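query_35.csv follows (CSV, C-alpha atoms):
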chain,number,residue,atom,x,y,z
A,1,MET,CA,12.0,7.5,1.5
A,2,LYS,CA,15.5,8.7,1.3
A,3,TYR,CA,17.2,5.5,0.3
A,4,PRO,CA,17.8,5.3,-3.5
A,5,ARG,CA,16.7,1.6,-3.5
A,6,TYR,CA,13.3,2.5,-2.1
A,7,GLN,CA,13.0,5.6,-4.3
A,8,MET,CA,13.6,3.4,-7.3
A,9,LEU,CA,11.0,0.8,-6.1
A,10,MET,CA,8.4,3.5,-5.6
A,11,GLN,CA,9.0,5.0,-9.1
A,12,TYR,CA,8.7,1.5,-10.6
A,13,LEU,CA,5.5,0.7,-8.8
A,14,SER,CA,4.0,4.1,-9.8
A,15,LEU,CA,4.3,3.0,-13.5
A,16,SER,CA,1.0,1.2,-13.0
A,17,GLU,CA,-0.8,4.5,-12.9
A,18,GLU,CA,0.6,5.3,-16.4
A,19,ILE,CA,-0.2,1.9,-17.8
A,20,GLY,CA,-3.7,1.7,-16.3
A,21,GLY,CA,-6.1,-1.1,-16.8
A,22,ASP,CA,-8.0,-3.6,-14.6
A,23,PHE,CA,-4.9,-5.7,-13.7
A,24,PHE,CA,-3.5,-3.3,-11.1
A,25,HIS,CA,-4.9,-2.4,-7.7
A,26,ARG,CA,-5.2,1.2,-6.8
A,27,TYR,CA,-2.4,1.3,-4.2
A,28,PRO,CA,0.8,1.9,-6.1
A,29,ASP,CA,2.5,3.3,-3.0
A,30,TYR,CA,2.0,0.0,-1.2
A,31,GLY,CA,5.8,-0.5,-1.2
A,32,GLY,CA,6.1,2.1,1.6
A,33,TYR,CA,3.9,0.2,4.0
A,34,ILE,CA,4.1,-3.5,3.6
A,35,CYS,CA,6.5,-6.0,5.1
A,36,GLY,CA,8.2,-9.1,3.9
A,37,SER,CA,9.8,-12.2,5.2
A,38,GLN,CA,13.2,-13.3,4.0
A,39,VAL,CA,15.3,-16.2,5.2
A,40,GLN,CA,19.0,-16.4,4.5
A,41,LEU,CA,20.7,-19.8,4.8
A,42,ASP,CA,24.2,-21.0,4.2
A,43,VAL,CA,23.9,-24.0,2.0
A,44,SER,CA,26.4,-26.0,0.0
A,45,ARG,CA,26.4,-26.4,-3.7
A,46,ALA,CA,25.7,-30.1,-3.0
A,47,ASN,CA,22.4,-29.5,-1.3
A,48,PHE,CA,21.0,-26.1,-2.5
A,49,ILE,CA,18.5,-27.7,-4.8
A,50,GLN,CA,17.0,-29.8,-2.0
A,51,VAL,CA,16.9,-26.6,0.2
A,52,ILE,CA,15.2,-24.6,-2.5
A,53,ASN,CA,12.6,-27.3,-3.2
A,54,THR,CA,11.9,-27.6,0.6
A,55,PHE,CA,11.3,-23.9,1.0
A,56,ASN,CA,9.1,-23.8,-2.1
A,57,GLN,CA,6.9,-26.4,-0.5
A,58,ILE,CA,6.5,-24.3,2.7
A,59,GLU,CA,6.3,-20.9,1.1
A,60,ALA,CA,2.6,-20.5,1.2
A,61,ALA,CA,2.4,-21.2,5.0
A,62,LYS,CA,5.5,-19.0,5.7
A,63,ALA,CA,4.0,-16.1,3.8
A,64,TYR,CA,0.5,-16.5,5.4
A,65,LEU,CA,2.0,-16.6,8.9
A,66,PHE,CA,4.8,-14.1,8.7
A,67,ALA,CA,4.4,-11.7,5.8
A,68,ASN,CA,0.7,-10.9,5.4
A,69,SER,CA,-1.8,-8.7,7.1
A,70,GLU,CA,-5.6,-8.7,7.1
A,71,LEU,CA,-6.9,-5.8,5.2
A,72,THR,CA,-10.5,-4.9,5.0
A,73,ALA,CA,-11.5,-2.4,2.4
A,74,GLU,CA,-14.4,-2.0,0.1
A,75,ASP,CA,-12.6,-3.6,-2.9
A,76,PHE,CA,-9.7,-5.3,-1.1
A,77,ASN,CA,-11.0,-7.6,1.6
A,78,THR,CA,-8.3,-10.2,2.3
A,79,ARG,CA,-6.0,-11.9,4.9
A,80,ILE,CA,-3.2,-12.2,2.4
A,81,SER,CA,-2.7,-8.5,1.6
A,82,ARG,CA,1.0,-8.6,0.8
A,83,ASP,CA,0.4,-11.3,-1.8
A,84,ARG,CA,-2.4,-9.3,-3.5
A,85,PHE,CA,-0.4,-6.1,-3.4
A,86,TRP,CA,2.5,-7.8,-5.0
A,87,GLU,CA,0.6,-9.9,-7.6
A,88,GLU,CA,-1.6,-7.0,-8.7
A,89,SER,CA,1.2,-4.5,-9.1
A,90,MET,CA,4.0,-3.9,-11.5
A,91,HIS,CA,5.7,-6.9,-10.0
A,92,GLY,CA,2.9,-9.2,-11.2
A,93,LEU,CA,3.4,-8.3,-14.8
A,94,LEU,CA,6.2,-10.8,-14.9
A,95,VAL,CA,4.9,-14.2,-13.8
A,96,GLU,CA,8.2,-15.3,-12.5
A,97,ASN,CA,8.1,-12.5,-9.9
A,98,VAL,CA,5.0,-13.9,-8.2
A,99,GLY,CA,3.8,-17.1,-6.7
A,100,VAL,CA,5.7,-20.3,-6.0
A,101,ASN,CA,7.6,-22.4,-8.5
A,102,PRO,CA,5.1,-25.0,-9.9
A,103,TYR,CA,7.5,-28.0,-9.7
A,104,ASP,CA,10.6,-29.2,-7.9
A,105,PHE,CA,14.0,-28.5,-9.5
A,106,THR,CA,15.8,-31.7,-10.5
A,107,ASP,CA,19.3,-30.3,-10.7
A,108,GLU,CA,21.5,-27.2,-11.1
A,109,GLU,CA,20.8,-26.9,-14.8
A,110,ASP,CA,17.1,-27.1,-14.3
A,111,PHE,CA,17.3,-24.3,-11.7
A,112,PHE,CA,19.3,-22.0,-13.8
A,113,ASN,CA,17.3,-22.5,-17.0
A,114,ILE,CA,14.0,-21.6,-15.6
Encoded form using structure tokens:
Amino acid sequence: MKYPRYQMLMQYLSLSEEIGGDFFHRYPDYGGYICGSQVQLDVSRANFIQVINTFNQIEAAKAYLFANSELTAEDFNTRISRDRFWEESMHGLLVENVGVNPYDFTDEEDFFNI
């Protein structure tokens, strides 16, 4: 990949090979062949908390429908491959990088102090 952003991503993901252990899957180059789904919305400061909370509630369905692929392999048989790739890689070392927020935000301060 010739774009510096993706070169940096691939270098970061390959750190799992240096760290080792049972936490990581054996596909550190997955960043070169997965897709994602992003939604950009223009929201006001007055309603962004409501919008974030709403999208958190539908995230699992959105990811399952639009950002995952079935993958059948000996040790990696799943219909949510993107989630597994992400969660069991260098990204998953920081819990705030994976999953869905466990609760609704109450206000701006709550959101920024997570």
Which polymer residues have any atom within 12 Å of an atom of Val39 of chain A, counting all atoms listed in the file, with same-chain residues fewer than 3 positions away left out, as a CSV table (one decimal) with C-alpha atoms, in the coordinates of the input?
chain,number,residue,atom,x,y,z
A,36,GLY,CA,8.2,-9.1,3.9
A,42,ASP,CA,24.2,-21.0,4.2
A,51,VAL,CA,16.9,-26.6,0.2
A,52,ILE,CA,15.2,-24.6,-2.5
A,55,PHE,CA,11.3,-23.9,1.0
A,59,GLU,CA,6.3,-20.9,1.1
A,62,LYS,CA,5.5,-19.0,5.7
A,63,ALA,CA,4.0,-16.1,3.8
A,66,PHE,CA,4.8,-14.1,8.7
A,67,ALA,CA,4.4,-11.7,5.8
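The space separating atom CA of Ser69 of chain A from atom CA of Tyr103 of chain A comes to 27.2 Å.
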Which one is closest to Ala61 of chain A: A:Asp22, A:Ile80, A:Ser16, A:Leu9? Count all atoms listed in the file. A:Ile80
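Remark: for Gln57 of chain A, the closest of the candidate residues A:Asp104, A:Arg5, A:Glu109, A:Ser14 is A:Asp104 (distances computed over all atoms listed in the file).
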Counting all atoms listed in the file, which residue out of A:Pro4, A:Gln40, A:Glu18, A:Tyr30 sits closest to Glu87 of chain A? A:Tyr30
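Between Ala73 of chain A and the candidates A:Arg26, A:Tyr33, A:Leu13, A:Gln50, the tightest atom-to-atom separation, counting all atoms listed in the file, involves A:Arg26.
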Please report the interatomic distance between atom CA of Thr72 of chain A and atom CA of Asn97 of chain A in Å with one decimal.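 Computing it gives 25.0 Å between the two atoms.
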I need the residue nearest Tyr64 of chain A from this list: A:Asn101, A:Ser89, A:Arg82, A:Phe48. Use all atoms listed in the file for the distance.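 Counting all atoms listed in the file, the residue closest to Tyr64 of chain A is A:Arg82.
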Pick from A:Gly32, A:Thr54, A:Phe23, A:Gln38: nearest to Gly92 of chain A, with all atoms listed in the file counted?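 Of the candidates, the smallest distance to Gly92 of chain A is held by A:Phe23.
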Report the distance between atom CA of Asn68 of chain A and atom CA of Asp83 of chain A in Å, rounded to one decimal place.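 These atoms are spaced 7.2 Å apart.
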From (18.5, -31.6, -8.8), in the file's coordinates, out to 7 Å: which residues are reached, counting all atoms listed in the file? Answer as a PyMOL selection string. chain A and resi 49+105-108
